[in-house]
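Heads up, the thing below is written out as structure tokens.
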Amino acid sequence: MPGKNLTRDEAASRASILRVDSYDVRLDLTTGPENFHTVTTVTFACSEPGADSFIDLIADSVEKVTLNGVDLDPAEVFADSRIELPALAAENELTVDATGRYTNTGEGLHRFVDPVDNEVYLYTQFEVPDSRRMYAVFEQPDLKASFRFTVTAPTHWKVISNSPTPHPEAAGVADGVERATWSFAPTQRISSYITALIAGPYDEVRDEVETRKGVVPLGVYCRKSLTQYLDADNIFDCTKKGFAFFEEEFDQPYPFEKYDQIFTPEYNMGAMENAGAVTFVEVYVFRSKVSEAKIERRALTILHELAHMWFGNLVTMKWWDDLWLNESFAEWASTTCQAEATEWTSAWTTFGTSEKAWAYTQDQLSSTHPIAADMRHLEDVEVNFDGITYAKGASVLKQLVAYVGREPFVAALREYFRKHAWGNTTLSDLLGELEKASGRELTEWSKLWLETAGVNTLRPVFEVDADGRYTAFAITQSATDEHPTLRPHRIGVGRYAVRRGADGAADVLERVGYDEVDIAGERTELGELVGQEQPDLLLLNDDDLAYGKIRLDEHSLATALSLPRGFQDSLPRSLVLGATWDMTRDGEMPARDFVRFVLESLPGETDSTLLRVLIGQVSTAARLYTAPEHRAEVTALLSSSLRSLADSAEAGSDAQFQLVEAWAGSAADVADEARLRALLSGTESLPGLTVDTELRWTFIKALAAIGAADEVEIATELDRDPTATGKERAAEALAARPTAEAKADAWAKAVERNDLPNQMVEAVSAGFRRSTDLTLLEPYVETYHSMLVDAWAERSVAIGERVVGGFYPFSLASQQLKDASDAWLAANADAAPGLVRTVAENRDTIARALIAQERDRRV
């Protein structure tokens, strides 16, 4: 039987004979806490009358199937995730009456009960193949149709879908529940994965935006218990700027009738671009102080999802091979909008610091793949929302804009939207428009950048005479044996000199020269630098134009290490820090040197995203990349340094907040315990720092991890914050305790059982991995690998990824762990692709850590 998978060939075969016209979906959400009633009527044409096909559905049961007036036996035609459709007519009408199941995994129709007021909240998440969990559907992006939803729900609920919300009509009382029915107007022709239903007693804030086609209503929604924290004005302001920018840039009016943004509980991702009804993760409703980096990230996410209304929703990829046409373009467009139309004018610097770092990491895993990936079936797609599809794709698009020119690039996009509106496309459709607009042939560019995997490494190679001037200069390019492609790059080469600081201030690095050059192949000679004086620091890819790893020559590295705060701008500083991070990961620089360099670079850092990234990297270097015999010394240095930096940071600053959080995350000894308790109780304070709800949980989790907070104290804190988020934080704290019993309990709750909701699995696994006593995780090396196949088979993709990724004992970072994973991979090559990929990525992390540890050991 087919299971729940669908191959690309099956989808192409089905699309070759079917044209879907409309869906009429009727839902009753008042039938109980576990199930809902769903009736789908779909009209569609078949170009080969008499042919057989199938429609997709995942349901607890199918009560009735009627095809062209003939009842089919559900027991005969429904199995796994498909309903077989025999002997189709030229024009067909199919009705499927079924019982659907609510999920707690963030897939399909997710049901959540708010512990604050016991109210029920629903939302859908359908990408990649989960609209079939709510209604019968031809689940592939190129079989677009019009969708009409009719929903019966409790009268006091809000019901939101892709079309404007109609006035509800009374539907009587059932089981003591007063009901109403909302009958939505049909949508435009869209793909099923961007249809949506959000229902529950959500609070709403209304506004509107003037667009090219008139006024578009705007709505922002969240749970009632979060309304006090909802900063709707900021969200609307960002949204309106996006509307204006995208309509102008794309020369295409907003395609839909309204635009709602709903913050939903227990959400798996950042957001989802449902047409006219975007869903967001609730962490973007800030109930406590957050970093400026997170505020900037929310703005980017808002713009990313809005860009999808054109990229992905108006024009959609034919099959998931071209998922990047959705995600990479939305990433490029949203970052461009953020940089040019909002207060976040340095958005591309943020992109380089954070998103590109994600792409470089992903591109060096064994699972790396071309941007335009080969998606054989749905199981390939489900694990492919990664740093290649998003961040590398956007990086390459940024280069493409420079290559063809911004004006021709935009002209091509405008023609692309005009020509393909409400249709489906492939990569060749877009490249064709770009070639016409720019006059450039892009076949070779596409082959090198979109159709091959891996990242190149760029190094300066030169000779210097007795006067300190270059007598020869070249840039070499290398690639891995697995992905040997060498690519053309346009990069900046910056030359920096040490300058005396004014009035006794610290020395600074000042750019004294800059050349923008094209390189290709293994070696590119740069005659323009011959005769130039060797600078104190030479920086390849200055201004971050290219996608490639860079190396510092020995002299430049020494300068950088001696002047950690020498750069006055965050971009070159982040590029140098990024180069040293990559050198550490590749075993070319000792982890202890990197830790010291970062700790010396942090004082005075005001770039919030760079600060966040550096804190994450230095923590990883201390925990995983430092040789085991030096780890206690380095982790102690990290904790004490972060504490000192937090104490000396500007009162009330973003840096103070992030450093306090980071120090709590690294806390390891009695002195830390005393300070944490003093800050919790208020007997000590830091000027400008408010110990709010989330920071209290940060301290409680830190105390739990060092064995200083027991179940009673954690329960007491939960009494202060009896919310869904509070429950997740408490679960993480309980699992973080450094006892065998706590780890066993966490394992039993999330691995041996399969009833926790998605975010609770995430919380428990985070606590399980956190431990100051690594011996507690050693027994789980064998236990982990033995549970994998069954755990994956018994769970949905979202929960499976959380269990397989979340309970891997990364902190051990040992040869024993790598050997166990290698052995499992060798013995289970034919296991589910998503499972093999997740385990392989876990193993890759440990393999890299072992290389870094060996380099650190040689210091």
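Residues in the structure tokens are named by chain (A, B, ... in the order shown) and by number from 1 within that chain; ligands are numbered from 1 in the order shown.
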Stretch 107-113 of chain A surroundings by only C-alpha atoms, 6 Å radius, close-in-sequence under 6 positions cut, as a PDB file with all heavy atoms, in the first residue's frame:
```pdb
ATOM      1  N   GLU A 119     -10.024  27.566  27.152  1.00  0.00           N
ATOM      2  CA  GLU A 119     -10.611  27.779  25.831  1.00  0.00           C
ATOM      3  C   GLU A 119      -9.838  26.963  24.777  1.00  0.00           C
ATOM      4  O   GLU A 119      -8.632  26.735  24.892  1.00  0.00           O
ATOM      5  CB  GLU A 119     -10.555  29.266  25.451  1.00  0.00           C
ATOM      6  CG  GLU A 119     -11.505  30.135  26.275  1.00  0.00           C
ATOM      7  CD  GLU A 119     -12.950  30.047  25.779  1.00  0.00           C
ATOM      8  OE1 GLU A 119     -13.251  29.152  24.950  1.00  0.00           O
ATOM      9  OE2 GLU A 119     -13.772  30.875  26.219  1.00  0.00           O
ATOM     10  N   VAL A 120     -10.557  26.543  23.737  1.00  0.00           N
ATOM     11  CA  VAL A 120      -9.990  25.742  22.661  1.00  0.00           C
ATOM     12  C   VAL A 120      -9.595  26.650  21.497  1.00  0.00           C
ATOM     13  O   VAL A 120     -10.363  27.533  21.098  1.00  0.00           O
ATOM     14  CB  VAL A 120     -10.999  24.684  22.179  1.00  0.00           C
ATOM     15  CG1 VAL A 120     -10.479  23.955  20.944  1.00  0.00           C
ATOM     16  CG2 VAL A 120     -11.300  23.690  23.295  1.00  0.00           C
ATOM     17  N   TYR A 121      -8.387  26.417  20.966  1.00  0.00           N
ATOM     18  CA  TYR A 121      -7.908  27.166  19.804  1.00  0.00           C
ATOM     19  C   TYR A 121      -7.449  26.177  18.737  1.00  0.00           C
ATOM     20  O   TYR A 121      -6.718  25.226  19.026  1.00  0.00           O
ATOM     21  CB  TYR A 121      -6.746  28.090  20.188  1.00  0.00           C
ATOM     22  CG  TYR A 121      -7.167  29.228  21.084  1.00  0.00           C
ATOM     23  CD1 TYR A 121      -7.195  29.078  22.466  1.00  0.00           C
ATOM     24  CD2 TYR A 121      -7.546  30.452  20.540  1.00  0.00           C
ATOM     25  CE1 TYR A 121      -7.591  30.129  23.293  1.00  0.00           C
ATOM     26  CE2 TYR A 121      -7.938  31.503  21.351  1.00  0.00           C
ATOM     27  CZ  TYR A 121      -7.963  31.331  22.724  1.00  0.00           C
ATOM     28  OH  TYR A 121      -8.359  32.373  23.532  1.00  0.00           O
ATOM     29  N   LEU A 122      -7.871  26.414  17.508  1.00  0.00           N
ATOM     30  CA  LEU A 122      -7.501  25.573  16.377  1.00  0.00           C
ATOM     31  C   LEU A 122      -6.736  26.401  15.344  1.00  0.00           C
ATOM     32  O   LEU A 122      -6.963  27.606  15.211  1.00  0.00           O
ATOM     33  CB  LEU A 122      -8.747  24.993  15.693  1.00  0.00           C
ATOM     34  CG  LEU A 122      -9.788  24.270  16.542  1.00  0.00           C
ATOM     35  CD1 LEU A 122     -10.948  23.845  15.659  1.00  0.00           C
ATOM     36  CD2 LEU A 122      -9.177  23.078  17.246  1.00  0.00           C
ATOM     37  N   TYR A 123      -5.862  25.745  14.627  1.00  0.00           N
ATOM     38  CA  TYR A 123      -5.250  26.345  13.447  1.00  0.00           C
ATOM     39  C   TYR A 123      -4.784  25.229  12.529  1.00  0.00           C
ATOM     40  O   TYR A 123      -4.587  24.084  12.961  1.00  0.00           O
ATOM     41  CB  TYR A 123      -4.062  27.261  13.804  1.00  0.00           C
ATOM     42  CG  TYR A 123      -2.849  26.518  14.320  1.00  0.00           C
ATOM     43  CD1 TYR A 123      -1.901  25.980  13.445  1.00  0.00           C
ATOM     44  CD2 TYR A 123      -2.643  26.345  15.686  1.00  0.00           C
ATOM     45  CE1 TYR A 123      -0.799  25.292  13.917  1.00  0.00           C
ATOM     46  CE2 TYR A 123      -1.540  25.657  16.161  1.00  0.00           C
ATOM     47  CZ  TYR A 123      -0.619  25.134  15.272  1.00  0.00           C
ATOM     48  OH  TYR A 123       0.470  24.447  15.730  1.00  0.00           O
ATOM     49  N   THR A 124      -4.615  25.537  11.254  1.00  0.00           N
ATOM     50  CA  THR A 124      -4.121  24.552  10.297  1.00  0.00           C
ATOM     51  C   THR A 124      -2.687  24.851   9.910  1.00  0.00           C
ATOM     52  O   THR A 124      -2.244  26.003   9.892  1.00  0.00           O
ATOM     53  CB  THR A 124      -4.967  24.529   9.013  1.00  0.00           C
ATOM     54  OG1 THR A 124      -5.048  25.861   8.478  1.00  0.00           O
ATOM     55  CG2 THR A 124      -6.357  24.003   9.295  1.00  0.00           C
ATOM     56  N   GLN A 125      -1.959  23.793   9.594  1.00  0.00           N
ATOM     57  CA  GLN A 125      -0.638  23.886   8.981  1.00  0.00           C
ATOM     58  C   GLN A 125      -0.592  22.784   7.932  1.00  0.00           C
ATOM     59  O   GLN A 125      -0.560  21.607   8.250  1.00  0.00           O
ATOM     60  CB  GLN A 125       0.479  23.710  10.013  1.00  0.00           C
ATOM     61  CG  GLN A 125       1.870  23.589   9.410  1.00  0.00           C
ATOM     62  CD  GLN A 125       2.232  24.760   8.518  1.00  0.00           C
ATOM     63  OE1 GLN A 125       1.920  25.914   8.837  1.00  0.00           O
ATOM     64  NE2 GLN A 125       2.871  24.490   7.391  1.00  0.00           N
ATOM     65  N   PHE A 126      -0.579  23.178   6.657  1.00  0.00           N
ATOM     66  CA  PHE A 126      -0.752  22.210   5.572  1.00  0.00           C
ATOM     67  C   PHE A 126       0.502  21.942   4.751  1.00  0.00           C
ATOM     68  O   PHE A 126       0.540  20.944   4.019  1.00  0.00           O
ATOM     69  CB  PHE A 126      -1.874  22.680   4.630  1.00  0.00           C
ATOM     70  CG  PHE A 126      -3.255  22.604   5.228  1.00  0.00           C
ATOM     71  CD1 PHE A 126      -4.284  23.388   4.722  1.00  0.00           C
ATOM     72  CD2 PHE A 126      -3.541  21.753   6.284  1.00  0.00           C
ATOM     73  CE1 PHE A 126      -5.570  23.312   5.247  1.00  0.00           C
ATOM     74  CE2 PHE A 126      -4.822  21.675   6.819  1.00  0.00           C
ATOM     75  CZ  PHE A 126      -5.839  22.453   6.303  1.00  0.00           C
ATOM     76  N   ASP A 130      -0.355  18.246   4.171  1.00  0.00           N
ATOM     77  CA  ASP A 130      -1.269  17.994   5.285  1.00  0.00           C
ATOM     78  C   ASP A 130      -2.642  18.628   5.157  1.00  0.00           C
ATOM     79  O   ASP A 130      -3.436  18.567   6.090  1.00  0.00           O
ATOM     80  CB  ASP A 130      -0.615  18.431   6.602  1.00  0.00           C
ATOM     81  CG  ASP A 130       0.507  17.485   7.006  1.00  0.00           C
ATOM     82  OD1 ASP A 130       0.321  16.266   6.833  1.00  0.00           O
ATOM     83  OD2 ASP A 130       1.557  17.953   7.465  1.00  0.00           O
ATOM     84  N   ARG A 133      -5.259  16.085   5.741  1.00  0.00           N
ATOM     85  CA  ARG A 133      -5.690  15.736   7.101  1.00  0.00           C
ATOM     86  C   ARG A 133      -6.997  16.429   7.483  1.00  0.00           C
ATOM     87  O   ARG A 133      -7.587  16.098   8.511  1.00  0.00           O
ATOM     88  CB  ARG A 133      -4.599  16.088   8.120  1.00  0.00           C
ATOM     89  CG  ARG A 133      -3.325  15.266   7.972  1.00  0.00           C
ATOM     90  CD  ARG A 133      -2.299  15.633   9.020  1.00  0.00           C
ATOM     91  NE  ARG A 133      -1.047  14.916   8.825  1.00  0.00           N
ATOM     92  CZ  ARG A 133      -0.786  13.694   9.304  1.00  0.00           C
ATOM     93  NH1 ARG A 133      -1.693  13.067  10.027  1.00  0.00           N
ATOM     94  NH2 ARG A 133       0.376  13.107   9.081  1.00  0.00           N
TER      95      ARG A 133
END
```
Name the residues in contact with stretch 342-346 of chain A at a cut-off of 9 Å, using only C-alpha atoms, excluding same-chain residues fewer than 6 positions from it; report them as a ChimeraX atom specification. /A:238,241-242,296,299
Hey, can you spit out that residue selection with N, CA and C atoms as a compact mmCIF listing (two decimals), in the first residue's frame?
```txt
# COMPACT_ATOMS: atom_id res chain seq x y z
N CYS A 238 4.80 47.58 10.07
CA CYS A 238 5.72 46.80 9.24
C CYS A 238 4.97 46.23 8.03
N LYS A 241 4.30 48.88 5.30
CA LYS A 241 5.51 49.20 4.55
C LYS A 241 5.81 48.11 3.53
N GLY A 242 5.55 46.86 3.91
CA GLY A 242 5.74 45.76 2.98
C GLY A 242 4.78 45.82 1.80
N GLU A 296 13.88 42.35 15.29
CA GLU A 296 14.23 42.49 13.87
C GLU A 296 13.83 41.23 13.10
N ALA A 299 10.15 41.23 12.29
CA ALA A 299 9.85 42.10 11.15
C ALA A 299 10.19 41.40 9.83
```
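For the set A:Leu72, A:Leu300, A:Ala474, A:Val209, the residue with the smallest atom-to-atom gap to A:Leu94 is A:Leu72, counting only C-alpha atoms.
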Long-range neighbours of stretch 309-317 of chain A as a PyMOL selection string, 7 Å cut-off, only C-alpha atoms, 2 positions minimum in chain: chain A and resi 141+190+255+275+306-307+319-320+322-323+325-326+329-330+417+420-426
Return the single residue from A:Gly454, A:Gly393, A:Gly270, A:Pro253 that is closest to A:Pro484, with distances computed using only C-alpha atoms.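 Checking each of A:Gly454, A:Gly393, A:Gly270, A:Pro253 against A:Pro484, counting only C-alpha atoms, the winner is A:Gly454.
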For A:Leu835, find every residue with an atom within 9 Å (counting only C-alpha atoms), except residues of its own chain fewer than 6 positions away, and show them as an MDAnalysis selection string. chainID A and resid 788:789 792 800:801 804
Output file for the selection above: N, CA, C and O atoms, as an mmCIF file, in the first residue's frame:
```
data_model
loop_
_atom_site.group_PDB
_atom_site.id
_atom_site.type_symbol
_atom_site.label_atom_id
_atom_site.label_comp_id
_atom_site.auth_asym_id
_atom_site.auth_seq_id
_atom_site.Cartn_x
_atom_site.Cartn_y
_atom_site.Cartn_z
ATOM 1 N N LEU A 788 15.441 4.267 17.184
ATOM 2 C CA LEU A 788 15.200 5.187 16.087
ATOM 3 C C LEU A 788 14.127 4.725 15.102
ATOM 4 O O LEU A 788 13.204 5.488 14.778
ATOM 5 N N VAL A 789 14.252 3.518 14.594
ATOM 6 C CA VAL A 789 13.342 3.072 13.531
ATOM 7 C C VAL A 789 11.900 3.063 14.017
ATOM 8 O O VAL A 789 10.993 3.585 13.351
ATOM 9 N N TRP A 792 10.512 6.694 14.746
ATOM 10 C CA TRP A 792 10.177 7.444 13.531
ATOM 11 C C TRP A 792 8.889 6.912 12.907
ATOM 12 O O TRP A 792 8.022 7.675 12.479
ATOM 13 N N GLY A 800 8.679 13.252 14.880
ATOM 14 C CA GLY A 800 9.842 12.394 14.643
ATOM 15 C C GLY A 800 11.132 13.193 14.603
ATOM 16 O O GLY A 800 12.148 12.794 15.204
ATOM 17 N N GLU A 801 11.128 14.320 13.906
ATOM 18 C CA GLU A 801 12.329 15.159 13.842
ATOM 19 C C GLU A 801 12.704 15.690 15.221
ATOM 20 O O GLU A 801 13.893 15.787 15.561
ATOM 21 N N VAL A 804 14.196 12.531 17.204
ATOM 22 C CA VAL A 804 15.469 12.046 16.657
ATOM 23 C C VAL A 804 16.545 13.116 16.748
ATOM 24 O O VAL A 804 17.717 12.825 17.029
#
```
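By only C-alpha atoms, and with residues fewer than 5 positions from A:Lys701 along its chain excluded, the set lying at most 9 Å from it is Ala664, Gly665, Arg696, Ile706, Ala709, Ile714, Arg729, Ala730, Glu732, Ala733, Leu734, Ala736, Arg737 and Gly767 of chain A.
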Name the residues in contact with A:Ala472 at a cut-off of 7 Å, using only C-alpha atoms, excluding same-chain residues fewer than 5 positions from it; report them as a list in words.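 The neighbour list is Phe462, Glu463 and Val530 of chain A.
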Could you save those same residues with all heavy atoms as a CSV table (one decimal), in the first residue's frame?
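Below is the file that was written, again-v1.csv:
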```
chain,number,residue,atom,x,y,z
A,462,PHE,N,50.2,35.1,-1.8
A,462,PHE,CA,50.9,36.3,-2.2
A,462,PHE,C,52.4,36.2,-1.8
A,462,PHE,O,52.8,35.3,-1.0
A,462,PHE,CB,50.3,37.6,-1.7
A,462,PHE,CG,50.1,37.6,-0.2
A,462,PHE,CD1,51.2,37.9,0.7
A,462,PHE,CD2,48.9,37.3,0.4
A,462,PHE,CE1,51.0,37.9,2.1
A,462,PHE,CE2,48.7,37.3,1.8
A,462,PHE,CZ,49.8,37.6,2.6
A,463,GLU,N,53.2,37.1,-2.4
A,463,GLU,CA,54.6,37.2,-2.0
A,463,GLU,C,54.8,38.7,-1.7
A,463,GLU,O,54.2,39.6,-2.4
A,463,GLU,CB,55.5,36.8,-3.1
A,463,GLU,CG,55.4,35.3,-3.4
A,463,GLU,CD,56.3,34.8,-4.6
A,463,GLU,OE1,57.0,35.7,-5.1
A,463,GLU,OE2,56.2,33.7,-4.9
A,530,VAL,N,49.4,44.0,-7.1
A,530,VAL,CA,50.9,43.9,-7.2
A,530,VAL,C,51.4,45.3,-7.1
A,530,VAL,O,51.0,46.3,-7.8
A,530,VAL,CB,51.4,43.2,-8.5
A,530,VAL,CG1,52.9,43.3,-8.6
A,530,VAL,CG2,50.9,41.8,-8.5
```
Taking into account only C-alpha atoms, which residue in the set A:Asp790, A:Glu854, A:Asp233, A:Glu629 is nearest to A:Asp586? A:Glu854
Mind the document's chain letters and residue numbers, and return as a list in words the residues of stretch 244-318 of chain A that DSSP labels strand (DSSP E or B).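 So, restricting stretch 244-318 of chain A to strand (DSSP E or B), we get Tyr259, Asp260, Gln261, Ile262, Phe263, Thr264, Ala271, Met272, Ala277, Val278, Thr279, Phe280, Val281, Phe311, Val315, Thr316 and Met317 of chain A.
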File of the preceding selection, all heavy atoms, as a tab-separated table (two decimals), in the first residue's frame:
```
chain	number	residue	atom	x	y	z
A	259	TYR	N	-6.01	40.59	4.47
A	259	TYR	CA	-4.73	40.07	4.97
A	259	TYR	C	-4.79	39.99	6.49
A	259	TYR	O	-4.75	41.01	7.19
A	259	TYR	CB	-3.57	40.97	4.54
A	259	TYR	CG	-2.21	40.31	4.71
A	259	TYR	CD1	-1.86	39.23	3.91
A	259	TYR	CD2	-1.31	40.77	5.66
A	259	TYR	CE1	-0.62	38.62	4.05
A	259	TYR	CE2	-0.07	40.16	5.80
A	259	TYR	CZ	0.27	39.08	4.99
A	259	TYR	OH	1.50	38.47	5.13
A	260	ASP	N	-4.93	38.77	6.98
A	260	ASP	CA	-4.95	38.51	8.42
A	260	ASP	C	-3.65	37.85	8.85
A	260	ASP	O	-3.07	37.04	8.11
A	260	ASP	CB	-6.12	37.59	8.79
A	260	ASP	CG	-7.47	38.26	8.60
A	260	ASP	OD1	-7.55	39.48	8.83
A	260	ASP	OD2	-8.43	37.56	8.23
A	261	GLN	N	-3.19	38.20	10.05
A	261	GLN	CA	-1.99	37.59	10.64
A	261	GLN	C	-2.37	37.07	12.02
A	261	GLN	O	-2.80	37.84	12.88
A	261	GLN	CB	-0.86	38.62	10.71
A	261	GLN	CG	-0.44	39.12	9.33
A	261	GLN	CD	0.58	40.23	9.38
A	261	GLN	OE1	1.78	40.00	9.35
A	261	GLN	NE2	0.12	41.46	9.45
A	262	ILE	N	-2.20	35.75	12.21
A	262	ILE	CA	-2.70	35.10	13.41
A	262	ILE	C	-1.54	34.44	14.14
A	262	ILE	O	-0.81	33.63	13.56
A	262	ILE	CB	-3.78	34.04	13.07
A	262	ILE	CG1	-4.87	34.63	12.17
A	262	ILE	CG2	-4.38	33.48	14.36
A	262	ILE	CD1	-4.68	34.35	10.69
A	263	PHE	N	-1.38	34.77	15.41
A	263	PHE	CA	-0.33	34.17	16.24
A	263	PHE	C	-0.93	32.96	16.95
A	263	PHE	O	-1.88	33.09	17.73
A	263	PHE	CB	0.22	35.21	17.22
A	263	PHE	CG	0.92	36.33	16.50
A	263	PHE	CD1	0.23	37.45	16.06
A	263	PHE	CD2	2.28	36.25	16.24
A	263	PHE	CE1	0.86	38.46	15.38
A	263	PHE	CE2	2.93	37.26	15.55
A	263	PHE	CZ	2.23	38.37	15.12
A	264	THR	N	-0.37	31.80	16.67
A	264	THR	CA	-1.00	30.54	17.05
A	264	THR	C	-0.12	29.73	18.00
A	264	THR	O	1.12	29.79	17.93
A	264	THR	CB	-1.29	29.70	15.79
A	264	THR	OG1	-0.07	29.51	15.06
A	264	THR	CG2	-2.32	30.38	14.92
A	271	ALA	N	6.50	30.81	10.61
A	271	ALA	CA	5.23	31.29	10.07
A	271	ALA	C	4.90	30.50	8.82
A	271	ALA	O	5.73	29.73	8.31
A	271	ALA	CB	5.30	32.78	9.74
A	272	MET	N	3.68	30.70	8.31
A	272	MET	CA	3.23	30.02	7.09
A	272	MET	C	2.38	30.96	6.27
A	272	MET	O	1.47	31.61	6.79
A	272	MET	CB	2.44	28.76	7.44
A	272	MET	CG	1.85	28.04	6.24
A	272	MET	SD	3.14	27.43	5.11
A	272	MET	CE	2.19	27.27	3.61
A	277	ALA	N	-4.21	34.67	5.10
A	277	ALA	CA	-4.41	34.26	6.50
A	277	ALA	C	-3.13	33.64	7.03
A	277	ALA	O	-3.03	32.43	7.23
A	277	ALA	CB	-5.57	33.28	6.61
A	278	VAL	N	-2.13	34.47	7.26
A	278	VAL	CA	-0.81	34.00	7.65
A	278	VAL	C	-0.80	33.61	9.13
A	278	VAL	O	-1.31	34.34	9.98
A	278	VAL	CB	0.25	35.09	7.40
A	278	VAL	CG1	1.61	34.65	7.91
A	278	VAL	CG2	0.32	35.42	5.91
A	279	THR	N	-0.24	32.45	9.42
A	279	THR	CA	-0.09	32.01	10.81
A	279	THR	C	1.35	32.17	11.25
A	279	THR	O	2.28	31.93	10.48
A	279	THR	CB	-0.53	30.53	10.95
A	279	THR	OG1	0.00	29.77	9.85
A	279	THR	CG2	-2.04	30.42	10.95
A	280	PHE	N	1.51	32.59	12.53
A	280	PHE	CA	2.84	32.84	13.11
A	280	PHE	C	2.99	32.07	14.41
A	280	PHE	O	2.02	31.79	15.11
A	280	PHE	CB	3.02	34.32	13.44
A	280	PHE	CG	3.13	35.23	12.26
A	280	PHE	CD1	1.99	35.76	11.66
A	280	PHE	CD2	4.36	35.59	11.74
A	280	PHE	CE1	2.07	36.60	10.56
A	280	PHE	CE2	4.46	36.44	10.65
A	280	PHE	CZ	3.31	36.95	10.07
A	281	VAL	N	4.23	31.78	14.75
A	281	VAL	CA	4.54	31.20	16.05
A	281	VAL	C	4.31	32.25	17.14
A	281	VAL	O	4.58	33.44	16.95
A	281	VAL	CB	5.99	30.67	16.07
A	281	VAL	CG1	6.99	31.81	15.92
A	281	VAL	CG2	6.26	29.87	17.32
A	311	PHE	N	5.30	35.52	-4.49
A	311	PHE	CA	6.17	34.36	-4.70
A	311	PHE	C	5.59	33.15	-3.97
A	311	PHE	O	5.70	33.04	-2.76
A	311	PHE	CB	7.57	34.62	-4.13
A	311	PHE	CG	8.43	35.52	-4.95
A	311	PHE	CD1	8.83	36.74	-4.47
A	311	PHE	CD2	8.85	35.13	-6.21
A	311	PHE	CE1	9.64	37.57	-5.22
A	311	PHE	CE2	9.66	35.96	-6.98
A	311	PHE	CZ	10.05	37.18	-6.48
A	315	VAL	N	2.01	32.97	-7.98
A	315	VAL	CA	2.73	32.07	-8.89
A	315	VAL	C	3.38	30.99	-8.04
A	315	VAL	O	4.11	31.30	-7.10
A	315	VAL	CB	3.79	32.83	-9.71
A	315	VAL	CG1	4.49	31.86	-10.67
A	315	VAL	CG2	3.15	33.98	-10.49
A	316	THR	N	3.12	29.75	-8.37
A	316	THR	CA	3.51	28.62	-7.51
A	316	THR	C	4.37	27.64	-8.30
A	316	THR	O	4.15	27.44	-9.49
A	316	THR	CB	2.25	27.89	-7.01
A	316	THR	OG1	1.31	28.84	-6.52
A	316	THR	CG2	2.59	26.89	-5.92
A	317	MET	N	5.34	27.02	-7.60
A	317	MET	CA	6.15	26.01	-8.27
A	317	MET	C	5.27	24.84	-8.69
A	317	MET	O	4.29	24.51	-8.03
A	317	MET	CB	7.29	25.52	-7.36
A	317	MET	CG	6.88	24.60	-6.24
A	317	MET	SD	6.68	25.48	-4.68
A	317	MET	CE	5.55	24.40	-3.82
```
Quick one, how far is atom CA of A:Glu327 from atom CA of A:Gly492? 27.1 Å
Could you tell me, as an NGL selection string, which residues of stretch 412-612 of chain A DSSP assigns to alpha helix (DSSP H) when given the backbone? :A and (412-420 or 427-438 or 443-449 or 554-562 or 570-585 or 591-601 or 608-612)
Report, in Å to a single decimal, how far apart atom CA of A:Ala391 and atom CA of A:Trp332 are. 8.6 Å
Per residue of stretch 3-113 of chain A within 12 Å of stretch 163-179 of chain A, what are the shortest atom pair and its distance in Å to one decimal, counting only C-alpha atoms, with rows by chain and residue number, as CSV?
```
residue,atom,partner,partner_atom,distance
A:Asp28,CA,A:Arg179,CA,9.8
A:Leu29,CA,A:Arg179,CA,9.5
A:Thr30,CA,A:Ala174,CA,7.7
A:Thr31,CA,A:Ala174,CA,8.6
A:Gly32,CA,A:Asp175,CA,9.4
```
Kindly export the residues of the current selection with all heavy atoms, as a compact mmCIF listing (two decimals), in the first residue's frame.
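This went into selection-v7.txt:
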```txt
# COMPACT_ATOMS: atom_id res chain seq x y z
N ASP A 28 -17.63 20.38 10.58
CA ASP A 28 -18.31 20.57 11.86
C ASP A 28 -17.28 20.38 12.96
O ASP A 28 -16.76 19.28 13.15
CB ASP A 28 -19.46 19.56 12.01
CG ASP A 28 -20.32 19.84 13.25
OD1 ASP A 28 -19.87 20.60 14.14
OD2 ASP A 28 -21.43 19.28 13.34
N LEU A 29 -16.99 21.47 13.67
CA LEU A 29 -15.96 21.46 14.71
C LEU A 29 -16.55 21.31 16.11
O LEU A 29 -15.88 21.60 17.10
CB LEU A 29 -15.14 22.75 14.63
CG LEU A 29 -14.55 23.07 13.25
CD1 LEU A 29 -13.78 24.38 13.29
CD2 LEU A 29 -13.66 21.94 12.74
N THR A 30 -17.78 20.83 16.19
CA THR A 30 -18.46 20.71 17.49
C THR A 30 -18.75 19.26 17.85
O THR A 30 -19.60 18.98 18.70
CB THR A 30 -19.78 21.51 17.48
OG1 THR A 30 -20.69 20.91 16.55
CG2 THR A 30 -19.54 22.96 17.12
N THR A 31 -18.05 18.32 17.22
CA THR A 31 -18.37 16.90 17.42
C THR A 31 -17.58 16.25 18.55
O THR A 31 -17.76 15.06 18.80
CB THR A 31 -18.13 16.12 16.12
OG1 THR A 31 -16.76 16.29 15.72
CG2 THR A 31 -19.04 16.62 15.02
N GLY A 32 -16.68 17.00 19.20
CA GLY A 32 -15.92 16.41 20.31
C GLY A 32 -14.49 16.87 20.32
O GLY A 32 -14.02 17.53 19.39
```
